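**Student:** Have a peek at input_34.cif (mmCIF, C-alpha atoms).
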data_work
#
loop_
_atom_site.label_atom_id
_atom_site.label_comp_id
_atom_site.auth_asym_id
_atom_site.auth_seq_id
_atom_site.Cartn_x
_atom_site.Cartn_y
_atom_site.Cartn_z
CA MET I 50 25.27 42.95 -100.66
CA PRO I 51 28.62 44.77 -100.43
CA ASP I 52 31.49 42.58 -99.28
CA PRO I 53 31.91 42.97 -95.48
CA CYS I 54 35.65 42.33 -95.83
CA ILE I 55 36.23 45.56 -97.75
CA SER I 56 38.54 47.94 -95.98
CA LEU I 57 37.55 51.47 -94.98
CA ASN I 58 39.39 53.03 -97.91
CA GLU I 59 37.72 50.64 -100.34
CA LYS I 60 34.32 51.42 -98.84
CA ILE I 61 34.91 55.05 -99.74
CA LEU I 62 35.72 53.93 -103.28
CA TYR I 63 32.57 51.80 -103.61
CA THR I 64 30.17 54.70 -103.21
CA VAL I 65 26.53 53.67 -103.29
CA ARG I 66 24.90 54.89 -106.50
CA ASP I 67 21.48 54.47 -108.10
CA ASP I 68 22.30 56.18 -111.40
CA LEU I 69 20.94 53.53 -113.76
CA ILE I 70 17.66 53.28 -111.83
CA GLU I 71 17.08 56.73 -110.39
CA GLU I 72 18.23 58.79 -113.40
CA THR I 73 16.17 56.84 -115.95
CA TRP I 74 12.59 55.70 -116.32
CA ILE I 75 13.64 52.15 -115.49
CA SER I 76 12.57 53.18 -111.98
CA TYR I 77 8.97 53.02 -113.25
CA ILE I 78 9.54 49.47 -114.53
CA VAL I 79 11.06 48.42 -111.20
CA SER I 80 8.05 49.87 -109.37
CA LEU I 81 5.65 48.29 -111.86
CA PHE I 82 7.03 44.83 -111.09
CA GLY I 83 6.92 45.57 -107.36
CA ILE I 84 10.66 45.08 -106.85
CA LYS I 85 12.06 46.74 -103.73
CA ARG I 86 15.76 47.49 -103.85
CA GLN I 87 16.35 46.20 -100.35
CA ASN I 88 14.13 43.34 -99.26
CA HIS I 89 15.02 40.67 -96.71
CA SER I 90 11.80 38.64 -97.08
CA SER I 91 11.84 35.11 -98.44
CA THR I 92 11.08 34.41 -102.08
CA ILE I 93 7.69 32.82 -101.34
CA THR I 94 6.68 35.70 -99.05
CA MET I 95 7.56 38.31 -101.67
CA TYR I 96 5.78 36.30 -104.36
CA LEU I 97 2.56 36.00 -102.36
CA LYS I 98 2.61 39.70 -101.46
CA SER I 99 3.06 40.65 -105.11
CA MET I 100 -0.10 38.73 -106.09
CA TYR I 101 -2.25 41.27 -104.22
CA SER I 102 -0.61 44.38 -105.65
CA PHE I 103 -2.54 46.71 -107.97
CA THR I 104 -0.19 45.99 -110.88
CA SER I 105 -0.56 42.22 -110.45
CA ILE I 106 -4.36 42.49 -110.41
CA LEU I 107 -4.27 44.65 -113.55
CA VAL I 108 -1.94 42.21 -115.34
CA HIS I 109 -4.14 39.23 -114.50
CA VAL I 110 -7.36 41.02 -115.44
CA SER I 111 -5.79 41.86 -118.82
CA PHE I 112 -4.70 38.25 -119.24
CA PHE I 113 -8.13 36.81 -118.42
CA TYR I 114 -9.85 39.28 -120.75
CA SER I 115 -7.48 38.31 -123.58
CA ALA I 116 -7.96 34.60 -122.88
CA ALA I 117 -11.75 35.05 -122.79
CA ALA I 118 -11.72 36.98 -126.06
CA LEU I 119 -9.77 34.17 -127.73
CA SER I 120 -12.00 31.46 -126.25
CA LEU I 121 -15.50 32.92 -126.49
CA TYR I 122 -15.48 34.33 -130.00
CA SER I 123 -17.80 32.10 -132.03
CA GLU I 124 -16.08 32.24 -135.43
CA SER I 125 -13.53 29.76 -136.75
CA PHE I 126 -10.16 29.58 -135.03
CA SER I 127 -8.12 31.22 -137.78
CA THR I 128 -10.64 34.04 -138.08
CA LYS I 129 -10.73 34.96 -134.41
CA ARG I 130 -6.94 34.93 -133.86
CA THR I 131 -3.79 32.91 -134.46
CA LEU I 132 -1.56 30.69 -132.37
CA ALA I 133 0.79 33.62 -131.85
CA ASP I 134 -1.85 35.53 -129.89
CA ILE I 135 -2.28 32.59 -127.55
CA GLY I 136 1.50 32.29 -127.24
CA CYS I 137 1.91 36.03 -126.59
CA ILE I 138 -0.58 36.33 -123.77
CA SER I 139 0.43 32.99 -122.22
CA PHE I 140 4.15 33.71 -122.20
CA SER I 141 3.56 37.27 -121.00
CA ILE I 142 1.85 36.09 -117.84
CA VAL I 143 4.47 33.35 -117.36
CA ILE I 144 7.27 35.93 -117.69
CA TRP I 145 5.49 38.11 -115.12
CA HIS I 146 5.40 35.25 -112.60
CA GLN I 147 8.99 34.28 -113.41
CA VAL I 148 10.16 37.79 -112.55
CA GLN I 149 8.15 37.73 -109.33
CA LEU I 150 9.78 34.42 -108.32
CA GLN I 151 13.22 35.91 -108.96
CA LYS I 152 12.69 38.99 -106.78
CA ALA I 153 15.13 37.90 -104.07
CA LYS I 154 17.89 37.30 -106.64
CA ILE I 155 17.09 40.58 -108.38
CA CYS I 156 17.41 42.45 -105.07
CA GLN I 157 20.72 40.72 -104.41
CA PHE I 158 22.00 41.69 -107.86
CA TYR I 159 20.84 45.27 -107.45
CA SER I 160 22.50 45.59 -104.04
CA TYR I 161 25.77 44.33 -105.50
CA LEU I 162 25.45 46.67 -108.47
CA ARG I 163 25.00 49.64 -106.15
CA SER I 164 28.40 48.95 -104.58
CA LEU I 165 30.24 49.73 -107.81
CA PRO I 166 31.89 53.16 -108.27
CA ARG I 167 29.84 55.93 -109.78
CA ASN I 168 32.04 56.34 -112.86
CA LEU I 169 31.28 52.75 -113.88
CA VAL I 170 27.49 52.76 -113.57
CA GLN I 171 26.40 56.33 -114.19
CA CYS I 172 24.47 57.22 -117.34
CA ASN I 173 25.45 60.12 -119.55
CA ARG I 174 22.83 62.35 -121.10
CA LYS I 175 22.66 60.41 -124.37
CA GLU I 176 22.21 57.07 -122.59
CA ARG I 177 19.49 58.49 -120.33
CA GLY I 178 17.69 59.88 -123.37
CA ILE I 179 17.80 56.56 -125.24
CA ILE I 180 16.67 54.50 -122.24
CA ASN I 181 13.85 56.92 -121.38
CA GLY I 182 12.78 56.99 -125.03
CA LEU I 183 12.60 53.20 -125.19
CA VAL I 184 10.59 53.01 -121.96
CA PHE I 185 8.19 55.66 -123.27
CA MET I 186 7.78 53.74 -126.54
CA ALA I 187 7.05 50.52 -124.62
CA PHE I 188 4.25 52.20 -122.66
CA ILE I 189 2.82 54.06 -125.65
CA LEU I 190 3.01 51.08 -128.05
CA PRO I 191 -0.28 49.39 -126.98
CA VAL I 192 -2.10 52.72 -127.30
CA ALA I 193 -0.58 53.39 -130.72
CA PHE I 194 -1.49 49.89 -131.91
CA SER I 195 -5.04 50.34 -130.67
CA ALA I 196 -5.43 53.72 -132.37
CA ALA I 197 -4.06 52.34 -135.65
CA MET I 198 -6.32 49.28 -135.61
CA LEU I 199 -9.46 51.07 -134.38
CA SER I 200 -10.52 52.15 -137.86
CA ALA I 201 -10.12 48.57 -139.09
CA ALA I 202 -12.38 47.36 -136.30
CA LEU I 203 -15.13 49.88 -137.12
CA ASP I 204 -15.00 50.04 -140.92
CA GLY I 205 -17.68 47.43 -141.33
CA SER I 206 -15.53 44.34 -140.76
CA SER I 207 -17.88 42.59 -138.33
CA HIS I 208 -15.57 39.67 -137.59
CA TYR I 209 -12.69 41.87 -136.49
CA ALA I 210 -14.89 44.31 -134.58
CA ASN I 211 -16.98 41.70 -132.76
CA PHE I 212 -13.90 39.88 -131.51
CA TRP I 213 -13.17 42.65 -129.00
CA LEU I 214 -16.71 42.58 -127.60
CA PHE I 215 -17.17 38.78 -127.33
CA SER I 216 -19.32 38.59 -130.51
CA HIS I 217 -21.54 41.48 -129.36
CA SER I 218 -21.98 45.05 -130.56
CA ILE I 219 -23.30 48.30 -129.14
CA ARG I 220 -25.72 49.26 -131.87
CA TYR I 221 -27.41 52.21 -130.21
CA ASN I 222 -24.27 54.35 -129.94
CA LYS I 223 -21.33 54.01 -132.31
CA ALA I 224 -19.20 56.45 -130.33
CA VAL I 225 -19.57 54.38 -127.16
CA GLN I 226 -18.78 51.22 -129.12
CA ALA I 227 -15.63 52.82 -130.56
CA LEU I 228 -14.51 53.87 -127.06
CA VAL I 229 -15.16 50.41 -125.59
CA VAL I 230 -13.40 48.67 -128.48
CA PHE I 231 -10.42 51.02 -128.12
CA PHE I 232 -10.20 50.30 -124.37
CA CYS I 233 -10.40 46.54 -125.01
CA MET I 234 -7.68 46.82 -127.66
CA VAL I 235 -5.39 48.65 -125.23
CA ILE I 236 -5.87 45.85 -122.69
CA PHE I 237 -5.23 43.14 -125.27
CA PHE I 238 -2.14 44.74 -126.84
CA SER I 239 -0.76 45.59 -123.40
CA THR I 240 -0.95 41.91 -122.54
CA LYS I 241 0.84 41.03 -125.78
CA PHE I 242 3.60 43.63 -125.84
CA LEU I 243 4.09 45.52 -122.58
CA ILE I 244 5.70 42.90 -120.33
CA LEU I 245 7.93 41.59 -123.12
CA SER I 246 9.08 45.09 -124.05
CA LEU I 247 9.68 46.27 -120.48
CA VAL I 248 11.66 43.15 -119.51
CA ALA I 249 13.73 43.32 -122.70
CA ILE I 250 14.52 47.02 -122.15
CA THR I 251 15.45 46.53 -118.49
CA TYR I 252 17.65 43.47 -119.03
CA GLY I 253 19.20 45.04 -122.11
CA ALA I 254 20.03 48.23 -120.17
CA PHE I 255 21.65 46.29 -117.33
CA SER I 256 23.64 44.19 -119.81
CA TYR I 257 24.84 47.31 -121.57
CA LYS I 258 25.90 48.98 -118.33
CA LEU I 259 27.76 45.89 -117.14
CA SER I 260 29.63 45.55 -120.43
CA LYS I 261 30.45 49.26 -120.36
CA ALA I 262 31.71 48.93 -116.78
CA ILE I 263 34.04 46.10 -117.87
CA ARG I 264 35.39 48.18 -120.75
CA LEU I 265 35.95 51.21 -118.55
CA GLN I 266 37.76 49.03 -116.03
CA ASN I 267 39.84 47.58 -118.85
CA ASP I 268 41.18 51.07 -119.58
CA VAL I 269 41.90 51.68 -115.91
CA LEU I 270 43.76 48.37 -115.63
CA LYS I 271 45.87 49.12 -118.69
CA LYS I 272 46.83 52.55 -117.38
CA SER I 273 47.74 51.25 -113.92
CA ILE I 274 49.69 48.09 -114.81
CA HIS I 275 52.84 49.47 -113.17
CA SER I 276 51.20 51.39 -110.32
CA GLU I 277 50.51 50.39 -106.73
CA ILE I 278 46.73 50.49 -107.19
CA PHE I 279 46.78 47.71 -109.81
CA PRO I 280 45.83 44.90 -107.35
CA ALA I 281 42.88 46.97 -106.08
CA GLU I 282 41.76 47.58 -109.66
CA ILE I 283 41.93 43.84 -110.37
CA LYS I 284 39.75 43.23 -107.33
CA LEU I 285 37.22 45.76 -108.65
CA TYR I 286 37.28 44.04 -112.05
CA TYR I 287 36.37 40.72 -110.46
CA ARG I 288 33.58 42.42 -108.52
CA ILE I 289 32.09 43.50 -111.84
CA ILE I 290 32.31 39.91 -113.10
CA GLN I 291 30.59 38.70 -109.93
CA CYS I 292 27.85 41.24 -110.57
CA CYS I 293 27.45 39.76 -114.07
CA LYS I 294 27.06 36.29 -112.55
CA LEU I 295 24.38 37.54 -110.16
CA PHE I 296 22.59 39.16 -113.08
CA ASN I 297 22.67 35.88 -114.99
CA SER I 298 21.27 34.05 -111.97
CA CYS I 299 18.18 36.27 -111.85
CA SER I 300 17.64 36.66 -115.62
CA LYS I 301 18.43 33.29 -117.23
CA GLY I 302 14.94 31.83 -116.82
CA THR I 303 13.27 34.93 -118.21
CA MET I 304 15.76 34.97 -121.09
CA LEU I 305 14.71 31.48 -122.15
CA LEU I 306 11.01 32.37 -121.98
CA ILE I 307 11.56 35.46 -124.13
CA ILE I 308 13.38 33.41 -126.78
CA PHE I 309 10.57 30.81 -126.78
CA MET I 310 8.03 33.60 -127.12
CA TYR I 311 9.99 35.02 -130.04
CA CYS I 312 10.04 31.65 -131.82
CA ILE I 313 6.29 31.16 -131.46
CA ILE I 314 5.48 34.62 -132.78
CA LEU I 315 7.96 34.48 -135.65
CA TYR I 316 7.09 31.02 -136.96
CA THR I 317 3.32 31.42 -136.75
CA GLY I 318 3.70 34.86 -138.29
CA LEU I 319 5.64 33.43 -141.21
CA ALA I 320 2.97 30.79 -141.71
CA LEU I 321 0.35 33.54 -141.68
CA ALA I 322 2.33 35.63 -144.15
CA LEU I 323 2.58 32.63 -146.48
CA PHE I 324 -1.19 32.09 -146.20
CA GLN I 325 -0.97 28.62 -144.72
CA SER I 326 -3.96 29.03 -142.39
CA ILE I 327 -7.32 27.44 -143.12
CA VAL I 328 -8.96 30.76 -143.91
CA ILE I 329 -6.98 33.61 -145.44
CA PRO I 330 -6.91 36.32 -142.77
CA THR I 331 -8.30 39.77 -143.26
CA THR I 332 -6.07 42.68 -144.18
CA SER I 333 -6.44 44.13 -140.69
CA MET I 334 -5.14 40.94 -139.07
CA VAL I 335 -2.20 40.75 -141.49
CA ALA I 336 -1.25 44.36 -140.75
CA GLU I 337 -1.57 43.75 -137.01
CA TYR I 338 0.57 40.67 -137.22
CA VAL I 339 3.32 42.35 -139.23
CA LEU I 340 3.55 44.97 -136.47
CA THR I 341 3.59 42.19 -133.84
CA ILE I 342 6.50 40.43 -135.54
CA THR I 343 8.38 43.73 -135.84
CA VAL I 344 8.04 44.52 -132.14
CA CYS I 345 9.01 41.00 -131.07
CA ILE I 346 12.06 40.77 -133.34
CA SER I 347 13.25 44.25 -132.32
CA SER I 348 12.95 43.44 -128.61
CA VAL I 349 14.67 40.06 -128.77
CA VAL I 350 17.46 41.08 -131.16
CA ALA I 351 18.27 44.13 -129.03
CA LEU I 352 18.29 42.02 -125.85
CA LEU I 353 20.55 39.35 -127.34
CA THR I 354 22.87 41.96 -128.83
CA PHE I 355 23.39 43.82 -125.54
CA SER I 356 23.69 40.56 -123.59
CA SER I 357 26.47 39.36 -125.89
CA GLU I 358 28.49 42.50 -125.15
CA ILE I 359 29.49 41.18 -121.71
CA PRO I 360 31.65 38.30 -123.05
CA ALA I 361 32.89 40.58 -125.84
CA ALA I 362 34.14 43.08 -123.25
CA MET I 363 35.84 40.29 -121.30
CA MET I 364 37.52 39.08 -124.49
CA GLU I 365 38.97 42.57 -124.85
CA THR I 366 40.46 42.19 -121.35
CA LYS I 367 41.93 38.83 -122.27
CA THR I 368 43.40 40.14 -125.54
CA LYS I 369 44.95 43.23 -123.97
CA PHE I 370 46.68 41.42 -121.15
CA ARG I 371 47.70 38.47 -123.29
CA ASN I 372 49.65 40.91 -125.44
CA ILE I 373 51.13 42.58 -122.35
CA TYR I 374 52.10 39.24 -120.83
CA GLN I 375 53.61 37.92 -124.08
CA PHE I 376 55.69 41.07 -124.41
CA ALA I 377 56.89 40.64 -120.81
CA VAL I 378 57.80 36.98 -121.42
CA LEU I 379 59.83 37.83 -124.52
CA ASP I 380 61.63 40.68 -122.77
CA PRO I 381 64.92 39.24 -121.33
CA GLU I 382 65.01 41.90 -118.63
CA THR I 383 61.62 40.93 -117.18
CA THR I 384 61.64 39.36 -113.74
CA PHE I 385 58.64 37.18 -112.98
CA THR I 386 57.23 39.04 -110.05
CA LYS I 387 53.77 38.91 -108.57
CA ARG I 388 52.76 41.75 -110.92
CA VAL I 389 53.59 39.66 -114.00
CA LEU I 390 51.56 36.76 -112.60
CA GLN I 391 48.65 39.15 -112.17
CA TRP I 392 48.94 40.05 -115.86
CA LYS I 393 48.93 36.33 -116.66
CA SER I 394 45.75 35.75 -114.65
CA LEU I 395 43.95 38.44 -116.65
CA ALA I 396 45.39 37.06 -119.91
CA GLU I 397 43.91 33.63 -119.10
CA ILE I 398 40.50 34.81 -117.94
CA GLU I 399 37.60 33.05 -119.65
CA PRO I 400 34.70 35.18 -120.92
CA PHE I 401 31.48 34.87 -118.95
CA TYR I 402 28.27 34.40 -120.95
CA LEU I 403 24.74 35.09 -119.89
CA THR I 404 22.66 31.99 -120.49
CA ALA I 405 19.11 30.92 -121.27
CA TRP I 406 18.50 28.85 -118.12
CA ASP I 407 21.99 27.30 -118.51
CA MET I 408 20.86 25.57 -121.72
CA PHE I 409 22.96 27.66 -124.11
CA PRO I 410 25.03 30.85 -123.91
CA VAL I 411 23.48 34.11 -125.09
CA GLU I 412 25.66 35.54 -127.84
CA LYS I 413 25.25 37.12 -131.26
CA GLY I 414 25.47 33.69 -132.86
CA VAL I 415 22.07 32.88 -131.37
CA ILE I 416 20.55 35.63 -133.53
CA LEU I 417 22.04 34.09 -136.67
CA SER I 418 20.84 30.64 -135.59
CA LEU I 419 17.29 31.90 -135.08
CA PHE I 420 17.18 33.65 -138.43
CA GLY I 421 18.80 30.65 -140.12
CA THR I 422 16.11 28.39 -138.69
CA SER I 423 13.46 30.87 -139.87
CA LEU I 424 14.91 30.81 -143.39
CA SER I 425 14.83 27.00 -143.39
CA PHE I 426 11.22 27.15 -142.20
CA ILE I 427 10.29 29.48 -145.07
CA ILE I 428 11.94 27.24 -147.64
CA LEU I 429 10.17 24.17 -146.22
CA ILE I 430 6.76 25.88 -146.28
CA MET I 431 7.28 27.10 -149.84
CA GLN I 432 8.30 23.62 -150.98
CA LEU I 433 5.24 22.07 -149.34
CA LYS I 434 3.05 24.70 -150.97
CA ARG I 435 4.57 23.94 -154.37
CA ILE I 436 3.92 20.21 -153.94
CA GLU I 437 0.27 20.90 -153.09
#
Could I get this file's structure written as structure tokens?
**Tutor:**
Amino acid sequence: MPDPCISLNEKILYTVRDDLIEETWISYIVSLFGIKRQNHSSTITMYLKSMYSFTSILVHVSFFYSAAALSLYSESFSTKRTLADIGCISFSIVIWHQVQLQKAKICQFYSYLRSLPRNLVQCNRKERGIINGLVFMAFILPVAFSAAMLSAALDGSSHYANFWLFSHSIRYNKAVQALVVFFCMVIFFSTKFLILSLVAITYGAFSYKLSKAIRLQNDVLKKSIHSEIFPAEIKLYYRIIQCCKLFNSCSKGTMLLIIFMYCIILYTGLALALFQSIVIPTTSMVAEYVLTITVCISSVVALLTFSSEIPAAMMETKTKFRNIYQFAVLDPETTFTKRVLQWKSLAEIEPFYLTAWDMFPVEKGVILSLFGTSLSFIILIMQLKRIE
């Protein structure tokens, strides 16, 4: 909520804006997760109410169908699916509930974000186009996957086709069977990809806007270092940092779950690609899994990249004002006034990192660590295969 101690003039400055939400299709994601921008209910009350929403029922029906398809198919485990499918659908539903439990914190973050000036949070046309395009791709991805894999399910591969219908087939009408299989595929792939993609896009967009707000405020601070509005601009800068901390509070648990989900999909996918399963999978499953790995890596790498921009922007603040302060210290004509001490405080500011449930900071180095671990995993598997 906006700070009640703000003066009247500052209240005019902190005009309420909804640019990031209202001007982009993130509003659909917010509605999909049942998040109200102003909600004074308790966390448990909001969580229980969300369980009876249409979206929640649809998500859980999709989850139970996917779980039933994995459990009831009568073929061998490696033929019916892989561990990654179980990990995908399980973590998707866990991420959904994690977001629901964080609704109160998300509303608090959003209320604080709305108090920032318009020039810091508004989206230009290019940014709106990119965000809307990513949201559209997230919604269309399960349908595109289903359309691409439909021919593989109906080309005579009984194992792959029967999986979607619980080991049954509609023999009397192939067109009806194709339609039912396509609908089941959409449900299954939505469970695998949709929640992960939507959360990654939303959190990535908020991280980008917060880092951009810091950089814009950096320019304002540099231009006003000798003006009377400098203290007010410093106060606005620290409000942006506080907004980042609120964002971390509501996103850190989900961030950890997304990284775990990424690891499960990537490592089982590598094992599949190296043909380490009991039965060599069909071409259709290999193609499907390559696409799954691509979507997961793209989502997680983009999320980690945008999240790491917040500390990078704060480092720019520190570097700029460290240079300004050092120049003032070396200048013999400088008198150490309150203004110079304000420069020093900005020069000594420590970058704030988003975290994965306070276990480790989210930065670009995490991406290199994950890929380094993946490379080690590949080398280990290849060595074991050579020994065999």
**Student:** Tell me which of I:Ser164, I:Gln375, I:Ser423, I:Gln151 sits closest to Leu285 (chain I), counting all atoms listed in the file.
**Tutor:**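 Closest to Leu285 (chain I), using all atoms listed in the file: I:Ser164.
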**Student:** Nearest to Trp74 (chain I) among I:Ile283, I:Ile250, I:Cys312, I:Val378, with distances taken over only C-alpha atoms: which residue is it?
**Tutor:**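 Distance minimum relative to Trp74 (chain I) lands on I:Ile250.
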**Student:** To test your reading of the syntax: which residues would the PyMOL selection byres ((chain I and resi 412) around 7) return for the file shown? Reply as a short mmCIF file (atom, residue, chain, number, x, y, z; two decimals) with C-alpha atoms, in the coordinates of the input.
**Tutor:**
data_model
loop_
_atom_site.label_atom_id
_atom_site.label_comp_id
_atom_site.auth_asym_id
_atom_site.auth_seq_id
_atom_site.Cartn_x
_atom_site.Cartn_y
_atom_site.Cartn_z
CA LEU I 353 20.55 39.35 -127.34
CA SER I 356 23.69 40.56 -123.59
CA SER I 357 26.47 39.36 -125.89
CA PRO I 410 25.03 30.85 -123.91
CA VAL I 411 23.48 34.11 -125.09
CA LYS I 413 25.25 37.12 -131.26
CA GLY I 414 25.47 33.69 -132.86
CA VAL I 415 22.07 32.88 -131.37
#
**Student:** Rounded to one decimal in Å, what is the spacing between CA of Phe231 (chain I) and CA of Ile78 (chain I)?
**Tutor:**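 Separation between CA of Phe231 (chain I) and CA of Ile78 (chain I): 24.2 Å.
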**Student:** Excluding Asn372 (chain I) and any residue of its chain fewer than 6 positions from it, enumerate the residues within 12 Å of it, using all atoms listed in the file, and give them as a ChimeraX atom specification.
**Tutor:** /I:271,365-366,378-379,392-393,395-397
**Student:** Include C-alpha atoms and write out the residues we just selected as a PDB file, in the coordinates of the input.
**Tutor:**
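Output file out.pdb is given in full below:
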ATOM      1  CA  LYS I 271      45.870  49.120-118.690  1.00  0.00           C
ATOM      2  CA  GLU I 365      38.970  42.570-124.850  1.00  0.00           C
ATOM      3  CA  THR I 366      40.460  42.190-121.350  1.00  0.00           C
ATOM      4  CA  VAL I 378      57.800  36.980-121.420  1.00  0.00           C
ATOM      5  CA  LEU I 379      59.830  37.830-124.520  1.00  0.00           C
ATOM      6  CA  TRP I 392      48.940  40.050-115.860  1.00  0.00           C
ATOM      7  CA  LYS I 393      48.930  36.330-116.660  1.00  0.00           C
ATOM      8  CA  LEU I 395      43.950  38.440-116.650  1.00  0.00           C
ATOM      9  CA  ALA I 396      45.390  37.060-119.910  1.00  0.00           C
ATOM     10  CA  GLU I 397      43.910  33.630-119.100  1.00  0.00           C
TER      11      GLU I 397
END
**Student:** Which one of I:Ser256, I:Thr341, I:Gln291, I:Ser300 sits closest to Glu358 (chain I) if you count only C-alpha atoms?
**Tutor:**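 Using only C-alpha atoms, the shortest distance to Glu358 (chain I) belongs to I:Ser256.
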**Student:** Write out, as JSON lines, each residue of region 132-188 of chain I that has an atom at most 8 Å from region 91-114 of chain I, together with the closest pair of atoms and their distance in Å to one decimal, counting all atoms listed in the file, rows going by chain and rising number.
**Tutor:**
{"residue": "I:Ile138", "atom": "CA", "partner": "I:Phe112", "partner_atom": "CA", "distance": 6.4}
{"residue": "I:Ser139", "atom": "CA", "partner": "I:Phe112", "partner_atom": "CA", "distance": 7.9}
{"residue": "I:Ile142", "atom": "CA", "partner": "I:Phe112", "partner_atom": "CA", "distance": 7.0}
{"residue": "I:Gln149", "atom": "CA", "partner": "I:Tyr96", "partner_atom": "CA", "distance": 5.7}
{"residue": "I:Leu150", "atom": "CA", "partner": "I:Tyr96", "partner_atom": "CA", "distance": 5.9}
{"residue": "I:Gln151", "atom": "CA", "partner": "I:Thr92", "partner_atom": "CA", "distance": 7.4}
{"residue": "I:Lys152", "atom": "CA", "partner": "I:Thr92", "partner_atom": "CA", "distance": 6.8}
{"residue": "I:Ala153", "atom": "CA", "partner": "I:Thr92", "partner_atom": "CA", "distance": 5.7}
**Student:** Using only C-alpha atoms, find the one residue out of I:Thr240, I:Ser276, I:Ser195, I:Ser298 that sits nearest to Leu403 (chain I).
**Tutor:**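 Counting only C-alpha atoms, the residue closest to Leu403 (chain I) is I:Ser298.
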**Student:** What's the separation between CA of Asn181 (chain I) and CA of Ile75 (chain I), in Å to one decimal place?
**Tutor:**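 Separating CA of Asn181 (chain I) from CA of Ile75 (chain I) is a distance of 7.6 Å.
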**Student:** So which residues fall inside 12 Å of (3.7, 40.1, -123.8) if we count all atoms listed in the file? Mind giving them as a PyMOL selection string?
**Tutor:** chain I and resi 108+111-112+115+133-145+187+190-191+236-249+306-307+309-311+314+341+344-345+348
**Student:** Let me make sure I understand: among I:Ala117, I:Ile290, I:Ala254, I:Val235, which one has the smallest atom-to-atom distance to Leu352 (chain I) if we use all atoms listed in the file?
**Tutor:**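 Smallest distance to Leu352 (chain I) is found for I:Ala254.
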**Student:** Which one is closest to Ile416 (chain I): I:Ile398, I:Val349, I:Met363, I:Leu169? Count all atoms listed in the file.
**Tutor:**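 Among the listed residues, I:Val349 lies closest to Ile416 (chain I).
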**Student:** Name the residues captured by the PyMOL selection byres ((chain I and resi 258) around 10) when it is applied to the shown file; answer as a VMD selection string.
**Tutor:** chain I and resid 69 169 to 172 176 252 to 257 259 to 264 355 358 to 359
**Student:** Name the residues that the PyMOL selection byres ((chain I and resi 288) around 10) picks from the file above, as a list of chain:residue names, using the file's chain letters and numbers.
**Tutor:**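 So the PyMOL selection byres ((chain I and resi 288) around 10) ends up selecting I:Pro51, I:Asp52, I:Tyr161, I:Leu162, I:Ser164, I:Leu165, I:Glu282, I:Ile283, I:Lys284, I:Leu285, I:Tyr286, I:Tyr287, I:Ile289, I:Ile290, I:Gln291, I:Cys292, I:Cys293, I:Lys294.
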**Student:** Could you take the residues named above and write them with C-alpha atoms, as a PDB file, keeping the file's coordinate frame?
**Tutor:**
ATOM      1  CA  PRO I  51      28.620  44.770-100.430  1.00  0.00           C
ATOM      2  CA  ASP I  52      31.490  42.580 -99.280  1.00  0.00           C
ATOM      3  CA  TYR I 161      25.770  44.330-105.500  1.00  0.00           C
ATOM      4  CA  LEU I 162      25.450  46.670-108.470  1.00  0.00           C
ATOM      5  CA  SER I 164      28.400  48.950-104.580  1.00  0.00           C
ATOM      6  CA  LEU I 165      30.240  49.730-107.810  1.00  0.00           C
ATOM      7  CA  GLU I 282      41.760  47.580-109.660  1.00  0.00           C
ATOM      8  CA  ILE I 283      41.930  43.840-110.370  1.00  0.00           C
ATOM      9  CA  LYS I 284      39.750  43.230-107.330  1.00  0.00           C
ATOM     10  CA  LEU I 285      37.220  45.760-108.650  1.00  0.00           C
ATOM     11  CA  TYR I 286      37.280  44.040-112.050  1.00  0.00           C
ATOM     12  CA  TYR I 287      36.370  40.720-110.460  1.00  0.00           C
ATOM     13  CA  ILE I 289      32.090  43.500-111.840  1.00  0.00           C
ATOM     14  CA  ILE I 290      32.310  39.910-113.100  1.00  0.00           C
ATOM     15  CA  GLN I 291      30.590  38.700-109.930  1.00  0.00           C
ATOM     16  CA  CYS I 292      27.850  41.240-110.570  1.00  0.00           C
ATOM     17  CA  CYS I 293      27.450  39.760-114.070  1.00  0.00           C
ATOM     18  CA  LYS I 294      27.060  36.290-112.550  1.00  0.00           C
TER      19      LYS I 294
END
**Student:** By how many Å are CA of Cys233 (chain I) and CA of Ala336 (chain I) apart?
**Tutor:**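 Computing the Euclidean distance for CA of Cys233 (chain I) and CA of Ala336 (chain I) yields 18.3 Å.
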